[in-house]
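Undergrad: Next comes the structure file my_file-v2.pdb, holding PDB, C-alpha atoms.
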ATOM      1  CA  MET I  77     -44.618  57.960 269.449
ATOM      2  CA  PRO I  78     -42.510  54.885 268.774
ATOM      3  CA  GLN I  79     -41.837  56.231 265.284
ATOM      4  CA  ARG I  80     -40.700  59.589 266.714
ATOM      5  CA  THR I  81     -38.393  57.867 269.230
ATOM      6  CA  SER I  82     -36.925  55.827 266.428
ATOM      7  CA  ARG I  83     -36.206  58.997 264.408
ATOM      8  CA  LEU I  84     -34.615  60.664 267.405
ATOM      9  CA  ARG I  85     -32.358  57.649 267.971
ATOM     10  CA  THR I  86     -31.402  57.618 264.291
ATOM     11  CA  ALA I  87     -30.643  61.354 264.366
ATOM     12  CA  ALA I  88     -28.608  60.991 267.575
ATOM     13  CA  LEU I  89     -26.688  58.043 266.123
ATOM     14  CA  ALA I  90     -25.971  60.022 262.921
ATOM     15  CA  ALA I  91     -24.756  63.045 264.930
ATOM     16  CA  ALA I  92     -22.518  60.833 267.076
ATOM     17  CA  THR I  93     -21.076  59.223 263.952
ATOM     18  CA  VAL I  94     -20.337  62.609 262.370
ATOM     19  CA  LEU I  95     -18.649  63.805 265.546
ATOM     20  CA  ALA I  96     -16.657  60.596 265.959
ATOM     21  CA  VAL I  97     -15.411  60.706 262.370
ATOM     22  CA  GLY I  98     -15.097  64.489 262.014
ATOM     23  CA  ALA I  99     -13.378  65.368 265.300
ATOM     24  CA  PRO I 100     -10.075  63.581 264.585
ATOM     25  CA  THR I 101     -10.032  65.189 261.150
ATOM     26  CA  ALA I 102     -10.529  68.638 262.664
ATOM     27  CA  TYR I 103      -7.771  68.080 265.214
ATOM     28  CA  ALA I 104      -5.453  66.781 262.503
ATOM     29  CA  ALA I 105      -6.111  69.919 260.468
ATOM     30  CA  LEU I 106      -5.339  72.125 263.467
ATOM     31  CA  ASP I 107      -2.077  70.271 264.155
ATOM     32  CA  ALA I 108      -0.937  70.330 260.510
ATOM     33  CA  GLY I 109       0.936  73.615 261.080
ATOM     34  CA  ASP I 110       3.305  71.813 263.440
ATOM     35  CA  ASP I 111       4.138  69.143 260.876
ATOM     36  CA  PRO I 112       7.160  70.208 258.794
ATOM     37  CA  SER I 113       6.515  67.604 256.088
ATOM     38  CA  PRO I 114       5.751  68.954 252.608
ATOM     39  CA  SER I 115       2.363  67.200 252.609
ATOM     40  CA  ALA I 116       1.298  69.272 255.657
ATOM     41  CA  ARG I 117       1.885  72.655 253.976
ATOM     42  CA  THR I 118      -1.239  74.567 253.117
ATOM     43  CA  THR I 119       0.507  77.139 250.906
ATOM     44  CA  ALA I 120       3.105  76.707 248.212
ATOM     45  CA  VAL I 121       6.692  77.577 249.053
ATOM     46  CA  ARG I 122       8.250  79.715 246.374
ATOM     47  CA  GLY I 123      11.825  80.724 245.756
ATOM     48  CA  ALA I 124      15.188  79.462 246.873
ATOM     49  CA  PRO I 125      16.562  79.336 250.422
ATOM     50  CA  TYR I 126      18.262  82.627 251.282
ATOM     51  CA  VAL I 127      19.573  84.385 254.365
ATOM     52  CA  GLY I 128      18.487  87.943 255.055
ATOM     53  CA  THR I 129      20.858  90.067 257.103
ATOM     54  CA  HIS I 130      19.611  93.322 258.585
ATOM     55  CA  LEU I 131      22.230  95.793 259.781
ATOM     56  CA  TYR I 132      21.239  98.809 261.870
ATOM     57  CA  PHE I 133      23.555 101.813 261.648
ATOM     58  CA  GLY I 134      23.102 104.624 264.145
ATOM     59  CA  THR I 135      24.167 108.148 263.219
ATOM     60  CA  ALA I 136      24.914 109.777 266.590
ATOM     61  CA  ARG I 137      28.637 109.864 267.317
ATOM     62  CA  SER I 138      30.043 109.123 270.759
ATOM     63  CA  ASP I 139      32.827 111.711 270.377
ATOM     64  CA  GLY I 140      30.431 114.675 270.153
ATOM     65  CA  ARG I 141      31.010 115.311 266.443
ATOM     66  CA  PRO I 142      27.942 115.974 264.235
ATOM     67  CA  ASP I 143      25.740 113.023 263.287
ATOM     68  CA  VAL I 144      26.614 110.930 260.241
ATOM     69  CA  THR I 145      24.982 112.616 257.239
ATOM     70  CA  ASP I 146      23.057 110.974 254.405
ATOM     71  CA  ARG I 147      25.928 111.763 252.057
ATOM     72  CA  GLN I 148      28.495 110.188 254.379
ATOM     73  CA  PHE I 149      26.377 107.076 254.762
ATOM     74  CA  ARG I 150      25.812 106.759 250.988
ATOM     75  CA  GLU I 151      29.572 107.092 250.424
ATOM     76  CA  PHE I 152      30.189 104.397 253.035
ATOM     77  CA  VAL I 153      27.733 102.078 251.269
ATOM     78  CA  THR I 154      29.343 102.787 247.898
ATOM     79  CA  ARG I 155      32.876 102.100 249.150
ATOM     80  CA  ARG I 156      32.356  99.371 251.765
ATOM     81  CA  VAL I 157      29.094  97.527 251.096
ATOM     82  CA  THR I 158      28.469  97.506 247.347
ATOM     83  CA  PRO I 159      31.816  95.840 246.463
ATOM     84  CA  LYS I 160      30.956  92.941 248.798
ATOM     85  CA  PHE I 161      27.265  92.749 247.788
ATOM     86  CA  PRO I 162      27.031  93.975 244.186
ATOM     87  CA  ASP I 163      23.807  92.051 243.445
ATOM     88  CA  GLY I 164      21.657  94.414 245.466
ATOM     89  CA  LEU I 165      20.629  95.738 248.849
ATOM     90  CA  THR I 166      17.943  97.830 250.484
ATOM     91  CA  ILE I 167      18.406 100.883 252.696
ATOM     92  CA  GLU I 168      15.624 102.319 254.825
ATOM     93  CA  ASP I 169      15.600 105.379 257.054
ATOM     94  CA  ALA I 170      14.795 104.547 260.644
ATOM     95  CA  ARG I 171      14.552 105.984 264.126
ATOM     96  CA  GLY I 172      15.902 103.921 266.951
ATOM     97  CA  GLN I 173      16.915 103.882 270.547
ATOM     98  CA  TRP I 174      19.213 101.770 272.655
ATOM     99  CA  ARG I 175      21.126 101.891 275.919
ATOM    100  CA  ASP I 176      24.863 102.505 275.480
ATOM    101  CA  ALA I 177      27.699 100.982 277.536
ATOM    102  CA  LYS I 178      27.462 103.835 280.058
ATOM    103  CA  GLY I 179      23.739 103.216 280.574
ATOM    104  CA  ALA I 180      22.540 106.303 278.708
ATOM    105  CA  LEU I 181      19.454 105.968 276.527
ATOM    106  CA  ILE I 182      20.405 107.045 273.012
ATOM    107  CA  ARG I 183      17.686 108.059 270.533
ATOM    108  CA  GLU I 184      18.968 108.586 267.035
ATOM    109  CA  ARG I 185      18.283 108.661 263.340
ATOM    110  CA  SER I 186      19.421 105.351 261.859
ATOM    111  CA  TYR I 187      19.654 103.322 258.686
ATOM    112  CA  GLU I 188      18.508  99.754 258.190
ATOM    113  CA  LEU I 189      20.511  97.986 255.503
ATOM    114  CA  THR I 190      19.116  94.665 254.291
ATOM    115  CA  LEU I 191      21.119  92.103 252.344
ATOM    116  CA  TYR I 192      19.786  88.837 250.912
ATOM    117  CA  TYR I 193      22.098  86.112 249.670
ATOM    118  CA  PRO I 194      21.792  82.380 248.962
ATOM    119  CA  LYS I 195      21.881  80.240 252.084
ATOM    120  CA  SER I 196      24.671  78.195 250.488
ATOM    121  CA  GLU I 197      26.858  81.350 250.567
ATOM    122  CA  ALA I 198      26.152  82.287 254.201
ATOM    123  CA  ARG I 199      29.525  81.153 255.525
ATOM    124  CA  SER I 200      31.482  83.055 252.879
ATOM    125  CA  LYS I 201      29.342  86.225 253.222
ATOM    126  CA  ASP I 202      29.756  86.367 257.012
ATOM    127  CA  ALA I 203      33.319  87.743 256.957
ATOM    128  CA  GLY I 204      32.307  90.556 254.594
ATOM    129  CA  ILE I 205      29.376  91.512 256.790
ATOM    130  CA  GLU I 206      31.585  91.624 259.868
ATOM    131  CA  GLU I 207      34.116  93.788 257.980
ATOM    132  CA  ILE I 208      31.314  96.235 257.121
ATOM    133  CA  ARG I 209      30.215  96.430 260.759
ATOM    134  CA  ALA I 210      33.775  96.950 262.014
ATOM    135  CA  ALA I 211      34.526  99.602 259.375
ATOM    136  CA  TYR I 212      31.411 101.626 260.240
ATOM    137  CA  LYS I 213      32.120 101.488 263.966
ATOM    138  CA  LYS I 214      35.686 102.638 263.399
ATOM    139  CA  GLN I 215      34.991 105.327 260.787
ATOM    140  CA  PHE I 216      32.059 106.907 262.607
ATOM    141  CA  ARG I 217      33.075 106.095 266.200
ATOM    142  CA  GLN I 218      30.075 103.878 266.882
ATOM    143  CA  GLU I 219      29.787 101.543 269.843
ATOM    144  CA  SER I 220      27.678  99.057 267.916
ATOM    145  CA  VAL I 221      26.123  98.075 264.599
ATOM    146  CA  MET I 222      23.260  95.686 265.287
ATOM    147  CA  ARG I 223      22.935  92.584 263.130
ATOM    148  CA  ALA I 224      19.871  90.348 262.752
ATOM    149  CA  ASP I 225      19.837  87.308 260.461
ATOM    150  CA  GLU I 226      16.803  85.382 259.224
ATOM    151  CA  THR I 227      16.094  82.622 256.752
ATOM    152  CA  ALA I 228      13.735  83.245 253.866
ATOM    153  CA  ASN I 229      12.598  81.844 250.562
ATOM    154  CA  VAL I 230      13.396  84.381 247.862
ATOM    155  CA  ASP I 231      12.111  84.541 244.312
ATOM    156  CA  PHE I 232      13.003  87.154 241.695
TER
END
Let me see whether you can do it: turn the structure in this file into structure tokens.

TA:
Amino acid sequence: MPQRTSRLRTAALAAATVLAVGAPTAYAALDAGDDPSPSARTTAVRGAPYVGTHLYFGTARSDGRPDVTDRQFREFVTRRVTPKFPDGLTIEDARGQWRDAKGALIRERSYELTLYYPKSEARSKDAGIEEIRAAYKKQFRQESVMRADETANVDF
């Protein structure tokens, strides 16, 4: 029996040592996602810092005229957006809803236009984006064109 007790103590001591050494390592691994230092990253970061701007264009008109057509929207993009962002853009069809200034729930066909540009150019691109939003609201009598900006790493 003394030999068995000795083995049990040795096994218990080994387990305690593993837990004492391993637990801080496990907690450090779990907390690594909060550490912004490059050494804490678990995946490689690719690409250059960019800003992505998403613009949401509704098609229902507040003056009762017919909805903005695909052709009208494409012409708007050709005339107003492409000259300011000739390097590229993405347009997706969407369905959306929002509450207008009068409190009415508006459900409408929409377009999501996405622009990516270098973060270093964000300040200079802002005025062009705001011109696009204002032009669409005026031309198609829209109450709003939603804008959402995000940062991203972009690689081509």

Undergrad: So what does the PyMOL selection byres ((chain I and resi 213) around 12) actually pick up in this one, as a PyMOL selection string?

TA: chain I and resi 132-138+144+152+206-212+214-222

Undergrad: Using only C-alpha atoms, which protein or nucleic acid residues come within 8 Å of Arg183 in chain I? Drop anything in the same chain fewer than 3 positions from it, and give the result as a PyMOL selection string.

TA: chain I and resi 171-174

Undergrad: Mind pulling up the distance from CA of Gly204 in chain I to CA of Ser186 in chain I?

TA: 20.9 Å

Undergrad: Can you measure CA of Thr166 in chain I to CA of Val153 in chain I for me? One decimal in Å is fine.

TA: 10.7 Å

Undergrad: Please compute the CA of Arg155 in chain I-CA of Ser200 in chain I distance, one decimal, in Å.

TA: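 For CA of Arg155 in chain I relative to CA of Ser200 in chain I, the distance reads 19.5 Å.
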
Undergrad: Could you check which of I:Arg185, I:Lys201, I:Lys195, I:Arg223 is closest to Gly123 in chain I, using only C-alpha atoms?

TA: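 The closest residue to Gly123 in chain I is I:Lys195.
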